[in-house]
$ cat run.cif   # mmCIF, C-alpha atoms
data_query
#
loop_
_atom_site.label_atom_id
_atom_site.label_comp_id
_atom_site.auth_asym_id
_atom_site.auth_seq_id
_atom_site.Cartn_x
_atom_site.Cartn_y
_atom_site.Cartn_z
CA MET D 1355 111.40 103.45 51.02
CA LEU D 1356 107.71 104.16 51.48
CA ARG D 1357 106.74 104.46 55.16
CA TYR D 1358 103.54 102.49 55.56
CA PHE D 1359 103.70 101.39 59.16
CA PHE D 1360 105.01 102.70 62.43
CA ILE D 1361 108.39 101.25 63.41
CA ALA D 1362 107.97 99.33 66.65
CA SER D 1363 111.69 99.24 67.40
CA LEU D 1364 111.55 102.96 68.13
CA LEU D 1365 109.28 102.14 71.04
CA GLY D 1366 111.93 99.96 72.64
CA LEU D 1367 109.61 96.97 72.34
CA SER D 1368 110.37 93.38 71.44
CA LEU D 1369 109.22 92.12 68.07
CA LEU D 1370 107.79 88.65 67.94
CA LEU D 1371 106.97 86.17 65.21
CA GLY D 1372 103.76 86.69 63.26
CA LEU D 1373 100.25 85.91 64.43
CA GLY D 1374 97.67 84.11 62.34
CA ARG D 1375 95.02 86.39 60.90
CA VAL D 1376 91.46 86.41 62.18
CA ALA D 1377 88.97 85.57 59.46
CA HIS D 1378 86.82 88.53 58.52
CA ALA D 1379 83.78 86.29 58.23
CA GLN D 1380 83.62 85.78 62.01
CA SER D 1381 80.65 87.00 64.05
CA ARG D 1382 80.67 90.70 64.86
CA VAL D 1383 82.08 91.78 68.22
CA ASP D 1384 80.84 94.85 70.10
CA ALA D 1385 79.43 96.47 66.95
CA ASN D 1386 77.80 99.24 69.00
CA HIS D 1387 80.59 101.68 68.33
CA PRO D 1388 81.09 104.20 65.52
CA PHE D 1389 84.06 102.49 63.87
CA GLU D 1390 84.70 99.84 61.25
CA LEU D 1391 87.98 98.17 60.34
CA VAL D 1392 89.27 97.33 56.85
CA LEU D 1393 92.49 95.35 56.70
CA ILE D 1394 94.92 94.70 53.90
CA ASP D 1395 95.26 91.13 55.11
CA ALA D 1396 97.28 88.23 53.75
CA ALA D 1397 94.49 87.34 51.31
CA SER D 1398 94.33 90.89 49.95
CA GLU D 1399 98.09 91.03 49.74
CA LYS D 1400 98.23 87.86 47.70
CA GLN D 1401 95.40 88.93 45.42
CA LEU D 1402 96.86 92.41 44.81
CA GLY D 1403 100.44 91.29 44.27
CA GLY D 1404 102.06 92.29 47.52
CA PHE D 1405 102.41 95.32 49.78
CA PRO D 1406 102.44 98.29 49.59
CA VAL D 1407 99.48 98.35 47.25
CA ASP D 1408 99.18 100.95 44.52
CA ARG D 1409 97.77 104.20 45.91
CA LYS D 1410 95.18 104.12 43.13
CA LEU D 1411 93.70 101.10 44.91
CA VAL D 1412 93.64 102.93 48.23
CA ALA D 1413 91.88 105.78 46.41
CA GLN D 1414 89.39 103.28 44.98
CA ALA D 1415 88.70 101.93 48.48
CA VAL D 1416 88.18 105.43 49.91
CA THR D 1417 85.75 106.22 47.09
CA ALA D 1418 83.87 102.95 47.66
CA LEU D 1419 83.52 103.76 51.37
CA LYS D 1420 82.23 107.23 50.58
CA THR D 1421 79.68 105.74 48.19
CA ALA D 1422 78.66 103.30 50.92
CA GLY D 1423 77.86 106.22 53.22
CA ALA D 1424 80.88 106.11 55.54
CA LYS D 1425 81.17 109.12 57.81
CA GLY D 1426 84.90 109.31 57.23
CA VAL D 1427 88.08 107.32 56.65
CA VAL D 1428 91.30 106.91 58.65
CA LEU D 1429 94.32 105.89 56.58
CA LYS D 1430 96.90 104.11 58.75
CA PHE D 1431 99.73 104.62 56.29
CA PHE D 1432 102.47 107.23 55.96
CA TYR D 1433 102.23 109.36 52.84
CA ASP D 1434 105.26 111.59 53.36
CA GLN D 1435 107.05 110.43 50.21
CA PRO D 1436 105.84 110.30 46.59
CA ALA D 1437 104.70 107.15 44.87
CA LYS D 1438 106.55 105.86 41.85
CA LEU D 1439 103.70 107.00 39.61
CA PRO D 1440 102.46 110.62 39.98
CA GLU D 1441 99.02 109.59 38.76
CA SER D 1442 98.71 107.30 41.79
CA ASP D 1443 99.32 110.24 44.12
CA LYS D 1444 96.81 112.38 42.24
CA ALA D 1445 94.15 109.68 42.45
CA LEU D 1446 94.68 109.33 46.19
CA ALA D 1447 94.68 113.09 46.80
CA ASP D 1448 91.41 113.41 44.87
CA ALA D 1449 89.85 110.62 46.93
CA ILE D 1450 91.06 112.14 50.21
CA SER D 1451 89.53 115.49 49.31
CA SER D 1452 86.19 113.88 48.42
CA THR D 1453 85.35 112.77 51.97
CA LYS D 1454 86.49 113.40 55.55
CA THR D 1455 89.82 111.61 55.63
CA LEU D 1456 92.32 111.45 58.50
CA LEU D 1457 96.01 110.96 57.77
CA GLN D 1458 98.77 109.97 60.16
CA ALA D 1459 102.10 111.59 61.01
CA ARG D 1460 104.86 110.87 63.48
CA ILE D 1461 107.84 112.56 65.11
CA ASP D 1462 111.33 111.63 63.93
CA GLU D 1463 114.17 113.97 64.82
CA ALA D 1464 116.43 112.21 62.31
CA GLU D 1465 114.12 113.24 59.47
CA PHE D 1466 115.64 116.29 57.77
CA GLY D 1467 113.60 118.33 55.33
CA SER D 1468 110.23 117.28 56.74
CA ASN D 1469 107.13 118.27 54.82
CA PRO D 1470 105.39 121.30 56.34
CA LEU D 1471 102.49 120.70 58.71
CA PRO D 1472 99.73 123.16 57.76
CA SER D 1473 98.84 125.52 60.63
CA ARG D 1474 95.20 124.43 60.58
CA PHE D 1475 96.25 121.13 62.17
CA ALA D 1476 97.58 122.83 65.29
CA MET D 1477 95.37 122.19 68.30
CA ALA D 1478 92.98 125.08 68.92
CA THR D 1479 93.79 127.03 72.07
CA ASP D 1480 90.24 126.65 73.39
CA LYS D 1481 90.59 122.87 73.46
CA ALA D 1482 92.62 122.87 76.66
CA GLU D 1483 92.92 124.24 80.15
CA GLY D 1484 96.47 125.22 81.08
CA ASN D 1485 99.74 124.33 79.38
CA LEU D 1486 99.32 120.84 77.99
CA LYS D 1487 101.84 118.27 79.13
CA THR D 1488 103.24 115.66 76.77
CA SER D 1489 106.49 113.75 76.69
CA LEU D 1490 106.10 113.19 72.95
CA THR D 1491 107.67 116.20 71.33
CA GLY D 1492 109.89 117.04 68.36
CA ASP D 1493 110.65 119.37 65.48
CA ASN D 1494 110.93 116.91 62.58
CA GLY D 1495 108.87 114.00 61.42
CA TRP D 1496 107.01 112.04 58.80
CA ILE D 1497 104.42 114.58 57.70
CA PRO D 1498 102.08 113.90 54.77
CA MET D 1499 103.06 115.43 51.45
CA PRO D 1500 101.38 118.81 50.82
CA GLN D 1501 99.00 117.45 48.18
CA PHE D 1502 97.67 114.98 50.75
CA ALA D 1503 97.83 117.29 53.78
CA ASN D 1504 95.92 120.00 51.95
CA ALA D 1505 93.18 117.51 51.07
CA ALA D 1506 92.90 115.93 54.52
CA HIS D 1507 90.19 116.60 57.09
CA ASP D 1508 92.75 116.22 59.90
CA ILE D 1509 96.22 114.86 60.58
CA GLY D 1510 96.92 112.95 63.78
CA PHE D 1511 100.21 111.79 65.26
CA VAL D 1512 100.76 108.12 66.14
CA ASP D 1513 103.81 108.10 68.42
CA ILE D 1514 103.52 106.06 71.61
CA GLN D 1515 105.86 105.26 74.49
CA THR D 1516 104.23 102.07 75.74
CA PRO D 1517 101.52 99.96 74.10
CA GLU D 1518 99.41 100.21 77.25
CA HIS D 1519 98.87 103.97 76.86
CA VAL D 1520 97.63 106.09 73.98
CA PRO D 1521 98.41 109.83 73.93
CA MET D 1522 95.68 112.34 73.19
CA ILE D 1523 98.16 115.04 72.24
CA GLU D 1524 101.72 115.49 71.09
CA SER D 1525 103.88 118.57 70.56
CA TYR D 1526 105.27 119.30 67.09
CA LYS D 1527 107.49 122.35 66.68
CA ASN D 1528 106.36 123.50 70.13
CA THR D 1529 102.71 123.38 69.08
CA PRO D 1530 100.13 120.95 70.54
CA VAL D 1531 98.70 118.60 67.92
CA ASN D 1532 96.07 115.86 67.97
CA SER D 1533 96.95 112.22 68.20
CA LEU D 1534 95.33 110.14 65.48
CA THR D 1535 93.17 108.49 68.14
CA LEU D 1536 91.79 111.84 69.32
CA ALA D 1537 91.22 112.95 65.70
CA ALA D 1538 89.24 109.75 65.03
CA LEU D 1539 87.16 110.21 68.18
CA GLU D 1540 86.35 113.80 67.23
CA LEU D 1541 85.29 112.74 63.75
CA ALA D 1542 83.12 109.93 65.10
CA THR D 1543 81.37 112.06 67.74
CA ASP D 1544 81.13 115.36 65.84
CA GLU D 1545 82.60 116.90 68.99
CA THR D 1546 85.76 118.87 69.65
CA GLY D 1547 87.78 117.29 72.42
CA HIS D 1548 88.49 119.43 75.47
CA ILE D 1549 91.46 118.52 77.65
CA GLU D 1550 91.63 119.31 81.34
CA ASN D 1551 95.39 119.10 81.64
CA GLY D 1552 96.48 115.83 83.26
CA ALA D 1553 92.93 115.01 84.34
CA ARG D 1554 90.22 114.39 81.74
CA LEU D 1555 89.36 114.45 78.06
CA THR D 1556 85.79 115.53 77.38
CA LEU D 1557 83.91 114.91 74.15
CA GLY D 1558 80.42 116.36 74.32
CA SER D 1559 78.66 114.84 77.33
CA LYS D 1560 81.25 112.08 77.83
CA SER D 1561 84.73 112.08 79.31
CA VAL D 1562 87.64 109.77 80.09
CA ALA D 1563 90.42 110.00 82.66
CA LEU D 1564 93.89 111.07 81.55
CA THR D 1565 97.32 110.46 83.02
CA THR D 1566 99.46 113.42 84.11
CA ASP D 1567 100.93 113.65 80.59
CA ASN D 1568 97.52 113.42 78.89
CA GLN D 1569 97.42 109.79 77.87
CA VAL D 1570 94.66 107.23 78.31
CA ALA D 1571 95.61 104.02 80.10
CA LEU D 1572 94.33 101.11 78.01
CA LYS D 1573 92.67 97.91 79.15
CA LEU D 1574 94.05 95.68 76.44
CA ASN D 1575 92.66 92.27 75.63
CA THR D 1576 94.83 90.79 72.92
CA ASN D 1577 92.51 87.78 72.70
CA GLU D 1578 89.64 89.93 71.47
CA LYS D 1579 88.48 88.85 68.05
CA LEU D 1580 88.47 91.97 65.93
CA ASP D 1581 85.76 91.99 63.30
CA TYR D 1582 87.03 93.37 60.01
CA THR D 1583 86.45 93.51 56.27
CA SER D 1584 89.15 92.47 53.85
CA PHE D 1585 90.47 95.31 51.68
CA SER D 1586 89.95 93.24 48.55
CA ASP D 1587 86.27 92.82 49.44
CA VAL D 1588 85.87 96.61 49.65
CA LEU D 1589 87.37 96.97 46.18
CA GLU D 1590 84.70 94.64 44.85
CA THR D 1591 82.08 97.11 46.21
CA ASN D 1592 79.62 94.35 47.05
CA SER D 1593 76.62 96.07 48.65
CA ALA D 1594 76.23 93.21 51.12
CA VAL D 1595 79.72 94.03 52.38
CA THR D 1596 79.79 97.81 52.12
CA SER D 1597 76.39 98.36 53.76
CA ARG D 1598 78.02 97.91 57.15
CA PHE D 1599 80.03 101.13 56.65
CA ARG D 1600 77.10 103.55 56.57
CA GLY D 1601 77.56 106.27 59.17
CA LYS D 1602 80.83 104.76 60.45
CA VAL D 1603 84.39 106.03 60.63
CA VAL D 1604 86.37 103.39 58.75
CA VAL D 1605 89.99 102.64 59.58
CA ILE D 1606 92.01 101.18 56.69
CA ALA D 1607 95.12 99.44 57.99
CA TYR D 1608 97.71 96.78 57.20
CA ASP D 1609 97.63 93.24 58.59
CA GLY D 1610 99.60 91.20 56.06
CA VAL D 1611 102.73 89.10 56.30
CA LYS D 1612 105.01 92.12 56.84
CA ALA D 1613 103.03 93.51 59.77
CA GLU D 1614 105.08 94.21 62.89
CA ILE D 1615 104.21 92.30 66.05
CA ILE D 1616 104.33 94.18 69.33
CA GLU D 1617 104.65 92.60 72.74
CA THR D 1618 102.38 94.08 75.40
CA SER D 1619 101.70 93.20 79.02
CA ALA D 1620 98.55 91.45 77.79
CA GLY D 1621 100.28 89.46 75.05
CA SER D 1622 101.47 89.99 71.48
CA ILE D 1623 99.51 91.84 68.83
CA LYS D 1624 100.00 93.17 65.33
CA GLU D 1625 100.81 96.84 65.24
CA HIS D 1626 97.75 98.22 63.44
CA ARG D 1627 95.45 95.99 65.44
CA LEU D 1628 96.94 97.64 68.54
CA PHE D 1629 95.95 101.06 67.22
CA TYR D 1630 92.40 99.95 66.50
CA MET D 1631 91.99 98.10 69.79
CA GLY D 1632 93.26 101.20 71.59
CA LEU D 1633 90.76 103.36 69.73
CA LEU D 1634 87.91 101.04 70.69
CA ASP D 1635 89.07 100.91 74.29
CA VAL D 1636 89.16 104.69 74.67
CA TRP D 1637 85.67 104.81 73.14
CA ARG D 1638 84.42 102.26 75.67
CA GLN D 1639 85.98 104.21 78.54
CA LEU D 1640 84.17 107.41 77.56
CA LYS D 1641 81.33 107.79 80.08
#
$ encode --input "run.cif" --output "structure tokens"
Amino acid sequence: MLRYFFIASLLGLSLLLGLGRVAHAQSRVDANHPFELVLIDAASEKQLGGFPVDRKLVAQAVTALKTAGAKGVVLKFFYDQPAKLPESDKALADAISSTKTLLQARIDEAEFGSNPLPSRFAMATDKAEGNLKTSLTGDNGWIPMPQFANAAHDIGFVDIQTPEHVPMIESYKNTPVNSLTLAALELATDETGHIENGARLTLGSKSVALTTDNQVALKLNTNEKLDYTSFSDVLETNSAVTSRFRGKVVVIAYDGVKAEIIETSAGSIKEHRLFYMGLLDVWRQLK
């Protein structure tokens, strides 16, 4: 089975019934940030014949975003197993290598024979002061296939313990590694994050407070209307649509009928929306 979304049950969270999608035509909310969101929503799913979509289409979307001048792309899907068609994997690997693309990974101790994590994705020793603390640690996981990992700009881990906190680091095979959120922030700011253990994350001239195990406490608002572009609209490469991506880090995620719903202290939210809202919240907290 292809792993396309993080499994919320591993978080010990309750899963709720689905939420209605927010129309992508709504007015833009807090657009003064370096990110854009593309969702494989219910409309895209119906148009493209279901989910997961062919990796050739993901490759086409990545290429369209590059052409539109996007600074980089974050793919919120797991690519640790091959597609049915090798040519689909080749097309995606080629697209990933053509622009700065971030891939996700996660820890799973039940996963035997994990793909290797290239050493270049280990956190640089000069990024931290002291021995970094994290309660998210393991020796096996869902690691992108080598043809994708070798093409990626960075790989970030997406494990969380509670939806109200987002880790900046995890430990994989006793080596500190970036979370996907930190990798996206670094790409957006052109800065290397520096962690003062259990105190602060600094990116250039800005910083944000960290918990003792190097997480950021989120200020979630599940009623926030997330502005997004439908995946199918990106495939059409309409310049009126794609012009909004210039200079932005674009997150491509899933929001269709199979999307997991996570219950938080602020209400229920679809899983990939939670990631994006957390990313925006950390950005807003950087001062």
$ residues_around --input "run.cif" --residues "region 1582-1599 of chain D" --least-positions-apart "4" --cutoff "8 Å" --atoms "only C-alpha atoms" --output "ChimeraX atom specification"
/D:1378-1379,1390-1395,1397-1398,1401-1402,1411,1414-1415,1418-1419,1422-1424,1603-1604,1606
$ resolve_selection --input "run.cif" --expression "the PyMOL selection byres ((chain D and resi 1568-1571) around 6)" --output "list in words"
His1519, Val1520, Pro1521, Met1522, Gly1552, Leu1564, Thr1565, Thr1566, Asp1567 and Leu1572 of chain D
$ resolve_selection --input "run.cif" --expression "the PyMOL selection byres ((chain D and resi 1430) around 8)" --output "PDB file with C-alpha atoms, keeping the file's coordinate frame"
ATOM      1  CA  TYR D1358     103.540 102.490  55.560  1.00  0.00           C
ATOM      2  CA  PHE D1359     103.700 101.390  59.160  1.00  0.00           C
ATOM      3  CA  VAL D1428      91.300 106.910  58.650  1.00  0.00           C
ATOM      4  CA  LEU D1429      94.320 105.890  56.580  1.00  0.00           C
ATOM      5  CA  PHE D1431      99.730 104.620  56.290  1.00  0.00           C
ATOM      6  CA  PHE D1432     102.470 107.230  55.960  1.00  0.00           C
ATOM      7  CA  LEU D1457      96.010 110.960  57.770  1.00  0.00           C
ATOM      8  CA  GLN D1458      98.770 109.970  60.160  1.00  0.00           C
ATOM      9  CA  VAL D1605      89.990 102.640  59.580  1.00  0.00           C
ATOM     10  CA  ILE D1606      92.010 101.180  56.690  1.00  0.00           C
ATOM     11  CA  ALA D1607      95.120  99.440  57.990  1.00  0.00           C
ATOM     12  CA  TYR D1608      97.710  96.780  57.200  1.00  0.00           C
ATOM     13  CA  HIS D1626      97.750  98.220  63.440  1.00  0.00           C
TER      14      HIS D1626
END
$ resolve_selection --input "run.cif" --expression "the PyMOL selection byres ((chain D and resi 1484) around 12)" --output "PyMOL selection string"
chain D and resi 1479-1483+1485-1487+1530+1548-1553
$ closest_residue --input "run.cif" --among "D:His1387, D:Lys1573, D:Lys1560, D:Lys1420" --to "Ala1620 (chain D)" --atoms "all atoms listed in the file"
D:Lys1573
$ atom_distance --input "run.cif" --atom1 "CA of Asp1635 (chain D)" --atom2 "CA of Leu1471 (chain D)"
28.5 Å
$ atom_distance --input "run.cif" --atom1 "CA of Glu1545 (chain D)" --atom2 "CA of Asn1386 (chain D)"
18.3 Å
$ closest_residue --input "run.cif" --among "D:Gly1558, D:Gly1547, D:Pro1498, D:Gly1632" --to "Ala1478 (chain D)" --atoms "only C-alpha atoms"
D:Gly1547
$ residues_near_point --input "run.cif" --point "(98.3, 95.5, 72.3)" --cutoff "12 Å" --atoms "only C-alpha atoms" --output "VMD selection string"
chain D and resid 1362 1367 1514 1516 to 1520 1571 to 1578 1614 to 1635
$ write_last_selection --input "run.cif" --atoms "C-alpha atoms" --output "PDB file, keeping the file's coordinate frame"
ATOM      1  CA  ALA D1362     107.970  99.330  66.650  1.00  0.00           C
ATOM      2  CA  LEU D1367     109.610  96.970  72.340  1.00  0.00           C
ATOM      3  CA  ILE D1514     103.520 106.060  71.610  1.00  0.00           C
ATOM      4  CA  THR D1516     104.230 102.070  75.740  1.00  0.00           C
ATOM      5  CA  PRO D1517     101.520  99.960  74.100  1.00  0.00           C
ATOM      6  CA  GLU D1518      99.410 100.210  77.250  1.00  0.00           C
ATOM      7  CA  HIS D1519      98.870 103.970  76.860  1.00  0.00           C
ATOM      8  CA  VAL D1520      97.630 106.090  73.980  1.00  0.00           C
ATOM      9  CA  ALA D1571      95.610 104.020  80.100  1.00  0.00           C
ATOM     10  CA  LEU D1572      94.330 101.110  78.010  1.00  0.00           C
ATOM     11  CA  LYS D1573      92.670  97.910  79.150  1.00  0.00           C
ATOM     12  CA  LEU D1574      94.050  95.680  76.440  1.00  0.00           C
ATOM     13  CA  ASN D1575      92.660  92.270  75.630  1.00  0.00           C
ATOM     14  CA  THR D1576      94.830  90.790  72.920  1.00  0.00           C
ATOM     15  CA  ASN D1577      92.510  87.780  72.700  1.00  0.00           C
ATOM     16  CA  GLU D1578      89.640  89.930  71.470  1.00  0.00           C
ATOM     17  CA  GLU D1614     105.080  94.210  62.890  1.00  0.00           C
ATOM     18  CA  ILE D1615     104.210  92.300  66.050  1.00  0.00           C
ATOM     19  CA  ILE D1616     104.330  94.180  69.330  1.00  0.00           C
ATOM     20  CA  GLU D1617     104.650  92.600  72.740  1.00  0.00           C
ATOM     21  CA  THR D1618     102.380  94.080  75.400  1.00  0.00           C
ATOM     22  CA  SER D1619     101.700  93.200  79.020  1.00  0.00           C
ATOM     23  CA  ALA D1620      98.550  91.450  77.790  1.00  0.00           C
ATOM     24  CA  GLY D1621     100.280  89.460  75.050  1.00  0.00           C
ATOM     25  CA  SER D1622     101.470  89.990  71.480  1.00  0.00           C
ATOM     26  CA  ILE D1623      99.510  91.840  68.830  1.00  0.00           C
ATOM     27  CA  LYS D1624     100.000  93.170  65.330  1.00  0.00           C
ATOM     28  CA  GLU D1625     100.810  96.840  65.240  1.00  0.00           C
ATOM     29  CA  HIS D1626      97.750  98.220  63.440  1.00  0.00           C
ATOM     30  CA  ARG D1627      95.450  95.990  65.440  1.00  0.00           C
ATOM     31  CA  LEU D1628      96.940  97.640  68.540  1.00  0.00           C
ATOM     32  CA  PHE D1629      95.950 101.060  67.220  1.00  0.00           C
ATOM     33  CA  TYR D1630      92.400  99.950  66.500  1.00  0.00           C
ATOM     34  CA  MET D1631      91.990  98.100  69.790  1.00  0.00           C
ATOM     35  CA  GLY D1632      93.260 101.200  71.590  1.00  0.00           C
ATOM     36  CA  LEU D1633      90.760 103.360  69.730  1.00  0.00           C
ATOM     37  CA  LEU D1634      87.910 101.040  70.690  1.00  0.00           C
ATOM     38  CA  ASP D1635      89.070 100.910  74.290  1.00  0.00           C
TER      39      ASP D1635
END
$ closest_residue --input "run.cif" --among "D:Val1512, D:Ala1613, D:Phe1466, D:Ser1451" --to "Ala1538 (chain D)" --atoms "all atoms listed in the file"
D:Val1512
$ atom_distance --input "run.cif" --atom1 "CA of Asn1532 (chain D)" --atom2 "CA of Met1477 (chain D)"
6.4 Å
